[in-house]
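For reference, run19.cif is printed below; it contains mmCIF, C-alpha atoms.
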```
data_coords
#
loop_
_atom_site.label_atom_id
_atom_site.label_comp_id
_atom_site.auth_asym_id
_atom_site.auth_seq_id
_atom_site.Cartn_x
_atom_site.Cartn_y
_atom_site.Cartn_z
CA MET A 1 36.65 -31.62 -79.60
CA ASP A 2 35.58 -28.28 -81.04
CA PHE A 3 32.81 -27.85 -83.55
CA GLN A 4 34.26 -26.39 -86.73
CA ASP A 5 32.07 -23.77 -88.37
CA TYR A 6 33.12 -24.29 -91.97
CA TYR A 7 30.88 -21.51 -93.26
CA LYS A 8 32.44 -19.05 -90.88
CA ILE A 9 35.94 -20.20 -91.81
CA LEU A 10 35.24 -19.49 -95.48
CA SER A 11 33.24 -16.34 -94.67
CA VAL A 12 30.24 -17.51 -96.65
CA ALA A 13 26.54 -17.73 -95.81
CA PRO A 14 25.22 -21.21 -94.94
CA ASP A 15 23.09 -21.15 -98.09
CA ALA A 16 25.94 -20.09 -100.38
CA ASP A 17 26.06 -21.84 -103.76
CA SER A 18 29.02 -23.93 -104.87
CA LYS A 19 30.44 -21.16 -107.05
CA THR A 20 30.54 -18.74 -104.12
CA ILE A 21 32.18 -21.36 -101.96
CA LYS A 22 34.82 -22.10 -104.59
CA THR A 23 35.64 -18.43 -105.03
CA ALA A 24 35.85 -17.93 -101.27
CA TYR A 25 38.16 -20.92 -100.92
CA ARG A 26 40.44 -19.77 -103.71
CA LYS A 27 40.78 -16.31 -102.23
CA LEU A 28 41.64 -17.60 -98.76
CA ALA A 29 43.86 -20.40 -100.05
CA ARG A 30 45.97 -17.83 -101.91
CA LYS A 31 46.12 -15.66 -98.83
CA TYR A 32 47.20 -18.33 -96.36
CA HIS A 33 49.11 -20.84 -98.44
CA PRO A 34 52.34 -21.49 -96.51
CA ASP A 35 54.45 -21.25 -99.66
CA VAL A 36 53.13 -17.78 -100.32
CA SER A 37 52.21 -16.29 -97.00
CA GLU A 38 54.40 -14.76 -94.30
CA HIS A 39 51.47 -14.85 -91.87
CA HIS A 40 52.73 -16.57 -88.78
CA GLU A 41 49.65 -18.78 -88.44
CA ALA A 42 49.42 -19.40 -92.18
CA GLU A 43 49.80 -23.16 -92.04
CA GLU A 44 47.11 -23.60 -89.39
CA LYS A 45 44.70 -21.28 -91.16
CA PHE A 46 45.37 -22.95 -94.50
CA LYS A 47 44.55 -26.36 -93.04
CA GLN A 48 41.26 -25.00 -91.69
CA VAL A 49 40.34 -23.42 -95.00
CA SER A 50 41.22 -26.59 -96.93
CA GLU A 51 39.22 -28.76 -94.61
CA ALA A 52 36.22 -26.44 -94.81
CA TYR A 53 36.36 -26.55 -98.61
CA GLU A 54 36.84 -30.31 -98.62
CA VAL A 55 33.50 -30.67 -96.85
CA LEU A 56 31.48 -27.87 -98.42
CA LYS A 57 32.45 -28.56 -102.03
CA ASP A 58 31.04 -32.09 -101.91
CA PRO A 59 27.22 -32.16 -101.84
CA GLN A 60 27.09 -35.37 -99.84
CA LYS A 61 29.55 -34.26 -97.21
CA ARG A 62 27.96 -30.85 -97.05
CA ALA A 63 24.55 -32.36 -96.45
CA GLN A 64 25.92 -34.51 -93.67
CA TYR A 65 27.63 -31.54 -92.14
CA ASP A 66 24.57 -29.28 -92.43
CA GLU A 67 22.46 -31.81 -90.62
CA LEU A 68 24.96 -32.04 -87.83
CA ARG A 69 25.19 -28.28 -87.62
CA GLU A 70 21.47 -27.80 -87.50
CA TYR A 71 20.52 -30.52 -85.10
CA GLY A 72 23.61 -30.41 -82.98
CA ALA A 73 23.82 -34.21 -82.92
CA GLN A 74 26.92 -35.93 -81.63
CA PRO A 75 29.21 -36.89 -84.52
CA GLN A 76 29.12 -40.60 -85.28
CA GLY A 77 32.17 -42.79 -85.39
CA ALA A 78 33.77 -43.90 -88.62
CA SER A 79 31.02 -46.47 -89.27
CA GLY A 80 28.89 -43.96 -91.20
CA GLY A 81 29.60 -42.92 -94.75
CA GLN A 82 31.62 -44.68 -97.42
CA GLN A 83 34.36 -47.11 -96.66
CA TYR A 84 37.75 -46.55 -98.23
CA SER A 85 40.20 -49.35 -98.54
CA GLN A 86 43.35 -47.28 -98.33
CA GLN A 87 44.45 -45.48 -95.23
CA THR A 88 45.38 -41.86 -95.42
CA GLN A 89 49.04 -41.06 -95.19
CA ASN A 90 48.48 -37.62 -93.79
CA GLN A 91 46.65 -38.25 -90.59
CA GLY A 92 47.66 -34.88 -89.26
CA ASP A 93 45.89 -33.06 -92.07
CA PHE A 94 42.31 -33.26 -90.84
CA SER A 95 40.96 -32.08 -87.52
CA ASP A 96 39.50 -34.50 -84.98
CA PHE A 97 36.13 -32.96 -85.73
CA PHE A 98 36.41 -33.89 -89.42
CA SER A 99 37.59 -37.42 -88.67
CA SER A 100 34.73 -37.98 -86.28
CA ILE A 101 32.18 -37.31 -89.03
CA PHE A 102 33.90 -38.67 -92.10
CA GLY A 103 36.12 -41.30 -90.57
CA GLY A 104 39.85 -41.58 -90.08
CA ALA A 105 40.12 -43.83 -93.13
CA HIS A 106 39.10 -41.00 -95.44
CA GLN A 107 41.11 -40.26 -98.48
CA SER A 108 40.62 -36.80 -99.95
CA GLY A 109 40.68 -36.09 -103.66
CA GLN A 110 44.12 -34.61 -103.22
CA GLU A 111 45.71 -37.74 -101.83
CA ALA A 112 43.82 -40.01 -104.22
CA GLY A 113 45.75 -38.39 -107.03
CA ALA A 114 48.75 -40.56 -106.33
CA GLN A 115 46.82 -43.80 -106.89
CA GLY A 116 44.94 -42.29 -109.80
CA PHE A 117 48.04 -41.68 -111.87
CA SER A 118 48.88 -45.31 -112.40
CA ARG A 119 45.64 -45.71 -114.33
CA GLN A 120 46.01 -42.69 -116.61
CA GLY A 121 47.49 -42.73 -120.05
CA PHE A 122 49.94 -39.95 -120.91
CA SER A 123 50.03 -37.99 -124.10
CA ASP A 124 53.27 -36.92 -125.69
CA GLN A 125 53.95 -33.33 -124.72
CA GLY A 126 57.48 -32.15 -125.10
CA PHE A 127 59.55 -35.08 -123.92
CA SER A 128 57.82 -38.43 -123.95
CA ASN A 129 57.87 -40.69 -120.94
CA LYS A 130 58.28 -43.97 -122.76
CA GLY A 131 59.82 -46.64 -120.70
CA PHE A 132 59.47 -45.01 -117.30
CA SER A 133 57.53 -46.94 -114.74
CA ASN A 134 55.33 -45.23 -112.23
CA LYS A 135 55.62 -47.82 -109.54
CA GLY A 136 55.57 -47.28 -105.88
CA PHE A 137 53.19 -44.37 -105.51
CA GLY A 138 51.16 -43.72 -102.43
CA ALA A 139 53.40 -46.03 -100.47
CA LYS A 140 56.22 -43.77 -99.41
CA GLY A 141 56.27 -42.42 -95.90
CA GLN A 142 55.93 -38.77 -95.04
CA ASP A 143 58.81 -36.41 -95.80
CA ILE A 144 59.94 -34.24 -92.91
CA GLU A 145 61.52 -30.82 -93.19
CA THR A 146 63.31 -29.12 -90.36
CA ASP A 147 65.80 -26.31 -89.75
CA MET A 148 69.41 -27.05 -88.94
CA PRO A 149 71.11 -24.11 -87.20
CA ILE A 150 74.84 -23.84 -87.87
CA PHE A 151 77.37 -21.38 -86.47
CA LEU A 152 79.51 -19.50 -88.98
CA GLU A 153 82.63 -21.07 -87.44
CA ASP A 154 81.22 -24.53 -88.23
CA THR A 155 81.10 -23.80 -91.94
CA LEU A 156 84.85 -23.44 -92.22
CA THR A 157 85.49 -27.18 -92.26
CA ALA A 158 83.42 -30.31 -92.70
CA THR A 159 81.79 -31.17 -89.37
CA SER A 160 79.34 -33.59 -87.84
CA LYS A 161 76.38 -32.14 -85.94
CA PRO A 162 73.44 -33.74 -84.13
CA ILE A 163 69.92 -32.90 -85.19
CA SER A 164 66.80 -33.75 -83.20
CA TYR A 165 63.39 -33.90 -84.75
CA SER A 166 59.91 -35.23 -84.13
CA LEU A 167 59.03 -38.39 -86.03
CA PRO A 168 55.46 -39.70 -86.34
CA HIS A 169 55.34 -43.32 -85.30
CA ARG A 170 52.57 -45.74 -86.06
CA ASP A 171 52.13 -48.66 -83.71
CA ALA A 172 50.67 -52.09 -84.56
CA GLN A 173 47.13 -50.78 -84.01
CA GLY A 174 47.71 -47.89 -86.41
CA ARG A 175 47.77 -45.24 -83.67
CA VAL A 176 50.10 -42.37 -84.34
CA SER A 177 52.37 -40.89 -81.69
CA HIS A 178 55.42 -38.67 -81.99
CA VAL A 179 58.90 -39.80 -81.10
CA ASN A 180 61.98 -37.66 -80.76
CA LYS A 181 64.83 -38.84 -82.94
CA THR A 182 68.42 -37.65 -83.01
CA LEU A 183 70.89 -38.14 -85.84
CA ASN A 184 74.48 -37.11 -86.40
CA VAL A 185 74.71 -35.34 -89.73
CA LYS A 186 77.87 -34.74 -91.73
CA ILE A 187 77.91 -31.14 -92.90
CA PRO A 188 80.37 -30.29 -95.67
CA ALA A 189 82.42 -27.11 -95.48
CA GLY A 190 81.02 -23.95 -97.05
CA VAL A 191 77.29 -24.61 -96.68
CA ALA A 192 75.15 -21.55 -97.32
CA GLU A 193 71.98 -20.22 -95.74
CA GLY A 194 68.91 -22.03 -97.08
CA GLU A 195 70.81 -24.95 -98.55
CA ARG A 196 69.02 -28.28 -98.14
CA ILE A 197 70.50 -31.59 -97.12
CA ARG A 198 68.49 -34.68 -97.96
CA LEU A 199 68.71 -37.74 -95.73
CA LYS A 200 67.03 -40.60 -97.51
CA GLY A 201 64.75 -42.81 -95.48
CA GLN A 202 64.94 -40.78 -92.29
CA GLY A 203 61.42 -39.42 -92.55
CA GLY A 204 58.12 -40.97 -91.53
CA GLN A 205 57.46 -44.70 -91.91
CA GLY A 206 55.71 -45.91 -95.01
CA LEU A 207 52.57 -48.03 -94.74
CA GLY A 208 53.16 -51.73 -94.44
CA ASP A 209 56.60 -52.47 -95.80
CA ALA A 210 56.75 -49.36 -97.98
CA THR A 211 59.81 -47.14 -98.03
CA SER A 212 60.20 -44.48 -95.36
CA GLY A 213 60.04 -40.85 -96.34
CA ASP A 214 63.05 -38.56 -96.41
CA LEU A 215 64.37 -35.97 -93.98
CA TYR A 216 65.22 -32.55 -95.39
CA LEU A 217 67.43 -30.24 -93.35
CA ARG A 218 67.43 -26.52 -94.15
CA ILE A 219 70.69 -24.88 -93.19
CA ARG A 220 70.19 -21.77 -91.07
CA LEU A 221 73.28 -19.72 -90.29
CA VAL A 222 73.04 -18.43 -86.73
CA PRO A 223 73.52 -14.64 -86.68
CA HIS A 224 76.97 -13.76 -85.37
CA PRO A 225 77.34 -10.96 -82.82
CA LEU A 226 80.32 -9.46 -84.69
CA PHE A 227 80.11 -10.54 -88.34
CA ASP A 228 77.48 -9.95 -90.99
CA VAL A 229 77.27 -12.20 -94.05
CA GLU A 230 77.17 -11.10 -97.70
CA ALA A 231 77.34 -14.15 -99.97
CA HIS A 232 80.78 -15.61 -99.21
CA ASN A 233 82.12 -12.46 -97.61
CA LEU A 234 82.02 -11.33 -94.00
CA ILE A 235 81.58 -7.78 -92.75
CA LEU A 236 83.08 -6.60 -89.50
CA THR A 237 82.11 -3.20 -88.13
CA VAL A 238 85.17 -1.58 -86.53
CA PRO A 239 84.54 1.15 -83.95
CA LEU A 240 87.24 3.83 -83.88
CA ALA A 241 87.94 6.81 -81.64
CA PRO A 242 87.95 10.12 -83.55
CA TRP A 243 91.71 10.50 -83.10
CA GLU A 244 92.28 6.96 -84.37
CA ALA A 245 90.42 7.85 -87.55
CA ALA A 246 92.29 11.14 -87.79
CA LEU A 247 95.79 9.86 -87.10
CA GLY A 248 95.45 6.25 -88.22
CA THR A 249 96.24 3.31 -85.96
CA SER A 250 97.05 -0.36 -85.79
CA LEU A 251 94.70 -2.73 -84.01
CA GLU A 252 93.91 -6.40 -83.48
CA ALA A 253 90.71 -7.49 -85.20
CA PRO A 254 88.81 -10.75 -84.73
CA THR A 255 88.17 -13.12 -87.60
CA LEU A 256 86.40 -16.48 -87.68
CA SER A 257 89.79 -18.13 -87.46
CA GLY A 258 91.77 -16.09 -84.95
CA LYS A 259 92.96 -12.47 -84.70
CA ILE A 260 94.70 -10.39 -87.33
CA LYS A 261 96.53 -7.08 -87.33
CA LEU A 262 94.57 -4.32 -89.01
CA THR A 263 96.16 -1.03 -90.08
CA ILE A 264 93.84 1.95 -90.19
CA PRO A 265 95.10 4.71 -92.46
CA ALA A 266 95.09 8.33 -91.31
CA ASN A 267 92.05 10.44 -92.27
CA SER A 268 89.69 7.48 -92.35
CA GLN A 269 85.93 7.94 -92.67
CA THR A 270 82.93 6.22 -91.17
CA GLY A 271 81.68 3.73 -93.73
CA GLN A 272 85.06 3.22 -95.35
CA ARG A 273 85.75 -0.43 -96.20
CA LEU A 274 89.07 -2.20 -95.82
CA ARG A 275 89.33 -5.51 -97.60
CA ILE A 276 91.11 -8.42 -95.97
CA LYS A 277 91.46 -11.12 -98.57
CA GLY A 278 90.65 -14.73 -97.78
CA LYS A 279 89.21 -14.17 -94.31
CA GLY A 280 85.60 -14.63 -95.31
CA LEU A 281 83.55 -17.81 -95.61
CA VAL A 282 84.61 -20.95 -97.45
CA ARG A 283 83.68 -21.23 -101.12
CA LYS A 284 84.27 -23.81 -103.85
CA GLN A 285 87.74 -22.43 -104.51
CA GLY A 286 89.40 -20.75 -101.56
CA HIS A 287 87.64 -18.27 -99.32
CA GLY A 288 85.59 -15.12 -99.57
CA ASP A 289 86.91 -11.91 -98.08
CA LEU A 290 86.50 -10.02 -94.83
CA TYR A 291 85.48 -6.37 -95.12
CA ALA A 292 86.24 -4.13 -92.17
CA VAL A 293 83.79 -1.23 -92.16
CA LEU A 294 84.94 1.72 -90.08
CA LYS A 295 82.69 3.46 -87.59
CA VAL A 296 83.91 6.55 -85.75
CA VAL A 297 82.39 6.82 -82.28
CA MET A 298 82.53 9.59 -79.71
CA PRO A 299 83.32 8.89 -76.07
CA GLU A 300 80.25 9.08 -73.84
CA SER A 301 81.51 12.00 -71.79
CA VAL A 302 84.28 14.50 -72.24
CA SER A 303 86.52 15.73 -69.42
CA GLU A 304 87.16 19.44 -69.04
CA GLU A 305 90.72 18.96 -70.25
CA SER A 306 89.60 17.05 -73.36
CA LYS A 307 87.01 19.67 -74.02
CA GLN A 308 89.72 22.30 -74.22
CA HIS A 309 91.64 20.19 -76.73
CA TRP A 310 88.52 19.78 -78.80
CA GLN A 311 87.93 23.50 -78.73
CA GLN A 312 91.47 24.10 -79.99
CA LEU A 313 90.87 21.72 -82.84
CA ALA A 314 87.57 23.43 -83.63
CA ASP A 315 89.17 26.83 -83.67
CA ALA A 316 92.04 25.68 -85.89
CA ALA A 317 89.96 23.68 -88.34
CA VAL A 318 88.81 24.91 -91.71
CA PHE A 319 86.33 22.17 -92.47
CA ASP A 320 82.69 22.31 -93.47
CA PRO A 321 81.00 18.95 -93.05
CA ARG A 322 77.72 20.27 -94.54
CA THR A 323 78.73 21.47 -97.96
CA GLU A 324 75.93 19.32 -99.38
CA TRP A 325 73.38 21.57 -97.69
CA ARG A 326 74.74 24.75 -99.14
CA LYS A 327 74.20 23.75 -102.76
CA MET B 1 75.15 -40.11 -91.39
CA ASP B 2 76.38 -39.60 -94.92
CA LEU B 3 74.99 -37.00 -97.30
CA ASN B 4 73.75 -39.64 -99.68
CA ALA B 5 71.37 -39.12 -102.59
CA GLN B 6 72.31 -35.52 -103.41
CA TYR B 7 71.82 -36.16 -107.13
CA LEU B 8 68.82 -37.94 -108.60
CA SER B 9 67.65 -39.38 -111.88
CA LEU B 10 64.15 -38.78 -113.25
CA GLU B 11 62.93 -42.02 -111.75
CA GLU B 12 64.41 -41.15 -108.37
CA ILE B 13 62.89 -37.68 -108.25
CA CYS B 14 59.55 -39.17 -109.26
CA PHE B 15 59.70 -41.40 -106.24
CA ALA B 16 61.09 -38.74 -103.92
CA THR B 17 58.29 -36.32 -104.76
CA GLN B 18 55.64 -39.02 -105.34
CA ASN B 19 54.85 -37.81 -108.86
CA PRO B 20 54.45 -39.63 -112.16
CA SER B 21 57.16 -38.90 -114.72
CA GLN B 22 54.75 -36.88 -116.86
CA THR B 23 54.37 -34.35 -114.07
CA ILE B 24 58.12 -33.94 -113.69
CA ILE B 25 58.49 -33.67 -117.46
CA GLU B 26 55.85 -30.95 -117.52
CA ILE B 27 57.63 -29.10 -114.72
CA VAL B 28 60.89 -29.22 -116.67
CA ASN B 29 59.16 -28.19 -119.91
CA GLN B 30 57.84 -25.12 -118.12
CA GLY B 31 61.34 -24.21 -117.02
CA ILE B 32 60.42 -24.50 -113.34
CA VAL B 33 63.49 -26.65 -112.77
CA GLU B 34 66.38 -27.07 -115.16
CA PRO B 35 68.19 -30.38 -114.66
CA GLU B 36 71.52 -31.11 -116.29
CA GLY B 37 71.36 -33.52 -119.21
CA SER B 38 69.84 -33.50 -122.66
CA GLY B 39 66.71 -35.54 -122.10
CA PRO B 40 64.64 -37.48 -119.57
CA GLU B 41 67.00 -40.46 -119.78
CA THR B 42 70.00 -38.39 -118.77
CA TRP B 43 68.51 -35.68 -116.56
CA VAL B 44 70.26 -35.11 -113.25
CA PHE B 45 68.35 -33.34 -110.47
CA ASN B 46 69.81 -31.96 -107.26
CA THR B 47 68.34 -31.60 -103.79
CA GLN B 48 67.34 -27.98 -104.31
CA MET B 49 65.25 -29.06 -107.31
CA ILE B 50 63.32 -31.53 -105.16
CA SER B 51 62.04 -28.69 -102.97
CA VAL B 52 61.14 -26.52 -105.96
CA THR B 53 59.28 -29.46 -107.51
CA LYS B 54 57.37 -30.14 -104.31
CA ARG B 55 56.49 -26.49 -103.97
CA ALA B 56 55.26 -26.39 -107.57
CA CYS B 57 53.07 -29.44 -106.93
CA ARG B 58 51.65 -27.95 -103.73
CA LEU B 59 50.71 -24.74 -105.53
CA HIS B 60 49.24 -26.66 -108.46
CA ARG B 61 47.20 -28.87 -106.17
CA ASP B 62 46.20 -26.39 -103.46
CA LEU B 63 45.63 -23.25 -105.49
CA GLU B 64 44.50 -24.96 -108.70
CA ILE B 65 46.90 -22.92 -110.85
CA ASP B 66 47.94 -24.32 -114.22
CA TRP B 67 51.60 -25.18 -114.81
CA SER B 68 52.52 -22.08 -116.78
CA GLY B 69 51.08 -19.92 -114.00
CA ILE B 70 53.07 -21.98 -111.50
CA ALA B 71 56.33 -21.10 -113.26
CA LEU B 72 55.62 -17.40 -112.78
CA ALA B 73 54.39 -17.88 -109.22
CA ILE B 74 57.52 -19.77 -108.22
CA SER B 75 59.86 -17.26 -109.76
CA LEU B 76 58.06 -14.44 -107.96
CA ILE B 77 58.08 -16.33 -104.67
CA GLU B 78 61.81 -16.94 -105.02
CA GLU B 79 62.44 -13.30 -105.79
CA LEU B 80 60.32 -12.35 -102.79
CA ASP B 81 62.30 -14.68 -100.54
CA GLN B 82 65.57 -13.22 -101.78
CA LEU B 83 64.37 -9.68 -101.22
CA ARG B 84 63.15 -10.47 -97.72
CA ASP B 85 66.47 -12.08 -96.97
CA GLU B 86 68.41 -9.10 -98.31
CA ASN B 87 66.15 -6.76 -96.38
CA GLN B 88 66.87 -8.59 -93.16
CA ARG B 89 70.60 -8.59 -93.76
CA LEU B 90 70.69 -4.89 -94.58
CA ARG B 91 68.67 -4.07 -91.48
CA LYS B 92 71.15 -5.95 -89.39
CA ARG B 93 74.05 -4.03 -90.91
CA LEU B 94 72.26 -0.74 -90.46
CA GLU B 95 71.57 -1.49 -86.81
CA ARG B 96 75.30 -1.56 -86.17
CA PHE B 97 75.41 2.13 -87.01
CA LEU B 98 72.24 3.34 -85.35
CA ASP B 99 71.34 4.00 -81.75
CA GLN B 100 70.03 0.86 -80.04
#
```
Would you mind giving the structure from this file in structure tokens?
Amino acid sequence: MDFQDYYKILSVAPDADSKTIKTAYRKLARKYHPDVSEHHEAEEKFKQVSEAYEVLKDPQKRAQYDELREYGAQPQGASGGQQYSQQTQNQGDFSDFFSSIFGGAHQSGQEAGAQGFSRQGFSDQGFSNKGFSNKGFGAKGQDIETDMPIFLEDTLTATSKPISYSLPHRDAQGRVSHVNKTLNVKIPAGVAEGERIRLKGQGGQGLGDATSGDLYLRIRLVPHPLFDVEAHNLILTVPLAPWEAALGTSLEAPTLSGKIKLTIPANSQTGQRLRIKGKGLVRKQGHGDLYAVLKVVMPESVSEESKQHWQQLADAAVFDPRTEWRK
Amino acid sequence: MDLNAQYLSLEEICFATQNPSQTIIEIVNQGIVEPEGSGPETWVFNTQMISVTKRACRLHRDLEIDWSGIALAISLIEELDQLRDENQRLRKRLERFLDQ
């Protein structure tokens, strides 16, 4: 188990006062908070910073930690320090190092909030909360959030898809291990990117006979090799040969639900959009549309014969593509 | 597995997010979530609101911001997420026209 240098984590001197420590924590917490940060190790760093602050903000804990740091003693088991009657719900939140000093049965100020509320009185601010009970706090199991990848094709109708996730499991001795669980989930038609599905009771176990937590699935639409998504519409990029754009053509285009005939008008431009109604994604009423965006492409190489034809066109053409530059 | 519990009452969202009703009421008062219904007795929350509520509580707890600051923070974070999303989608569309 690694020694955690809490002072280093917060970038403060070992003799820093509590105000300095608080300021340092706030700055780093803002930087690495997973809700705010795009940093790919944000969650890990945030946990470290929180843990460091948890210890250094409390004079007693800090003293204990300082002693350990100075004398390099082996951390004691959970027998030292205060005893707490409630077990922590979030056993993953503190490092092994922390638990070895302050015990696995520690409850931080943050978690204690849940129990604390049942003792508070509430003042009337805006709506009053008369008649609402605050039962059942601190007893619910951990909520779990995970991504659920879905192909665009799957969103066209209601389907059932399996999802596998890791579930923390507590045995009779209170040891936590992780089990892999798989569920079949009914997905309605027309789900959008980022939409959440809540599966009650499929999260972590509660303590004792408390309710289990919930499972939240975040829909993630798997990028399609051909189609791009814009709200309920789909965009298909259609490559065309120069003569197809010049003369117009008829071609077979893919859609999510089979092929369609697409007519390209003569004198088409790169970037031009053709709208095909109803061939987009499912929405509350009907479907979105499919937009075919034209893209003129040149062949990789030109034969001598073709080159002559091109030269004839060049000679006969009266067309300046760069009028914009001459202004 | 059915998509049960997509709509929740005040009591249910309190339990789902492990908050006392006063906290949820404060969150609604700040405009952080806007449930259907005229008052706490008739409020209806959806699944999306559960995540926003939990996020608000995390920010309040972890960053020690007061509730009115949370409202602004959340709206900025949401805007940021939307912009990042749009950015990614536009890049993807652009890549179809550029040299790989």
Exercise for review: For the file shown, report as a count of residues only the outcome of the PyMOL selection byres ((chain B) within 10 of (chain A)) at residue level.
Suggested key: 57
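Our summary of the geometry notes that atom CA of A:Arg170 is positioned 10.3 Å from atom CA of A:Gly208.
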Check your understanding: atom CA of A:Ser95 and atom CA of A:Val49 are how many Å apart?
Key -> 11.5 Å
Exercise for review: Name the residues that the PyMOL selection byres ((chain A and resi 245) around 8) picks from the file above, as a list in words, using the file's chain letters and numbers.
Suggested key: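 Applied to this file, the PyMOL selection byres ((chain A and resi 245) around 8) returns Leu240, Ala241, Pro242, Trp243, Glu244, Ala246, Leu247, Gly248, Thr249, Ile264, Pro265, Ala266, Asn267, Ser268, Gln269 and Val296 of chain A.
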Check your understanding: Applied to this file, what does the PyMOL selection byres ((chain A and resi 146) around 9) return in terms of residues, put as a PyMOL selection string?
Key -> chain A and resi 144-145+147-148+165+215-219
Point to revise | Separation of atom CA of A:Pro299 from atom CA of A:Pro225, in Å and rounded to one decimal | key: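 About the pair atom CA of A:Pro299 and atom CA of A:Pro225: they are 21.8 Å apart.
Among A:Gly190, A:Gly278, A:Gly204, A:Gly72, the residue with the shortest atom-to-atom distance to A:Phe151, counting only C-alpha atoms, is A:Gly190.
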Check your understanding: Skipping near chain neighbours, those fewer than 3 positions away, what residues fall within 9 Å of B:Ser68 using only C-alpha atoms, listed as a list in words?
Key -> Ile27, Gln30, Ile32, Ile65, Ala71, Leu72 and Ala73 of chain B
Check your understanding: With distances taken over all atoms listed in the file, which of A:Asp15, A:Arg220, A:Thr255, A:Asp66 is nearest to A:Ile150?
Key ->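 Among the listed residues, the smallest separation from A:Ile150 belongs to A:Arg220.
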Exercise for review: Please provide as an NGL selection string all residues within 10 Å of B:Val44, with the sequence filter that same-chain residues fewer than 6 positions apart are discarded (counting all atoms listed in the file).
Suggested key: :B and (7-10 or 12-13 or 34-38)
Just so I have it separately, write stretch 243-287 of chain A from the block I sent, keeping C-alpha atoms, as a PDB file, in the first residue's frame.
```pdb
ATOM      1  CA  TRP A 243     -19.707  14.301 -64.994  1.00  0.00           C
ATOM      2  CA  GLU A 244     -22.457  13.005 -62.701  1.00  0.00           C
ATOM      3  CA  ALA A 245     -22.645  16.417 -61.075  1.00  0.00           C
ATOM      4  CA  ALA A 246     -22.533  18.115 -64.462  1.00  0.00           C
ATOM      5  CA  LEU A 247     -25.073  15.954 -66.261  1.00  0.00           C
ATOM      6  CA  GLY A 248     -27.153  14.719 -63.336  1.00  0.00           C
ATOM      7  CA  THR A 249     -27.719  11.043 -62.616  1.00  0.00           C
ATOM      8  CA  SER A 250     -29.850   8.510 -60.826  1.00  0.00           C
ATOM      9  CA  LEU A 251     -28.320   6.313 -58.146  1.00  0.00           C
ATOM     10  CA  GLU A 252     -29.171   3.901 -55.349  1.00  0.00           C
ATOM     11  CA  ALA A 253     -28.522   5.354 -51.905  1.00  0.00           C
ATOM     12  CA  PRO A 254     -28.458   3.509 -48.578  1.00  0.00           C
ATOM     13  CA  THR A 255     -30.783   4.429 -45.747  1.00  0.00           C
ATOM     14  CA  LEU A 256     -31.184   2.911 -42.285  1.00  0.00           C
ATOM     15  CA  SER A 257     -34.102   0.917 -43.634  1.00  0.00           C
ATOM     16  CA  GLY A 258     -33.035  -0.259 -47.080  1.00  0.00           C
ATOM     17  CA  LYS A 259     -32.028   1.422 -50.351  1.00  0.00           C
ATOM     18  CA  ILE A 260     -33.767   4.249 -52.167  1.00  0.00           C
ATOM     19  CA  LYS A 261     -33.472   5.778 -55.615  1.00  0.00           C
ATOM     20  CA  LEU A 262     -31.873   9.201 -55.572  1.00  0.00           C
ATOM     21  CA  THR A 263     -32.048  11.591 -58.527  1.00  0.00           C
ATOM     22  CA  ILE A 264     -29.188  14.038 -58.824  1.00  0.00           C
ATOM     23  CA  PRO A 265     -30.092  17.107 -60.854  1.00  0.00           C
ATOM     24  CA  ALA A 266     -27.755  18.408 -63.551  1.00  0.00           C
ATOM     25  CA  ASN A 267     -25.294  21.155 -62.532  1.00  0.00           C
ATOM     26  CA  SER A 268     -25.115  20.028 -58.923  1.00  0.00           C
ATOM     27  CA  GLN A 269     -22.562  21.472 -56.513  1.00  0.00           C
ATOM     28  CA  THR A 270     -20.457  20.047 -53.729  1.00  0.00           C
ATOM     29  CA  GLY A 271     -22.254  20.814 -50.485  1.00  0.00           C
ATOM     30  CA  GLN A 272     -25.695  20.902 -52.039  1.00  0.00           C
ATOM     31  CA  ARG A 273     -28.331  19.183 -49.887  1.00  0.00           C
ATOM     32  CA  LEU A 274     -31.155  17.009 -51.145  1.00  0.00           C
ATOM     33  CA  ARG A 275     -33.884  16.313 -48.646  1.00  0.00           C
ATOM     34  CA  ILE A 276     -35.472  12.889 -48.448  1.00  0.00           C
ATOM     35  CA  LYS A 277     -38.452  13.156 -46.173  1.00  0.00           C
ATOM     36  CA  GLY A 278     -39.107  10.590 -43.475  1.00  0.00           C
ATOM     37  CA  LYS A 279     -35.870   8.644 -43.838  1.00  0.00           C
ATOM     38  CA  GLY A 280     -34.234  10.028 -40.730  1.00  0.00           C
ATOM     39  CA  LEU A 281     -34.487   8.852 -37.130  1.00  0.00           C
ATOM     40  CA  VAL A 282     -37.712   8.109 -35.278  1.00  0.00           C
ATOM     41  CA  ARG A 283     -39.344  10.959 -33.386  1.00  0.00           C
ATOM     42  CA  LYS A 284     -42.512  11.349 -31.309  1.00  0.00           C
ATOM     43  CA  GLN A 285     -44.595  11.818 -34.443  1.00  0.00           C
ATOM     44  CA  GLY A 286     -43.224  10.170 -37.561  1.00  0.00           C
ATOM     45  CA  HIS A 287     -39.602  10.387 -38.603  1.00  0.00           C
TER      46      HIS A 287
END
```
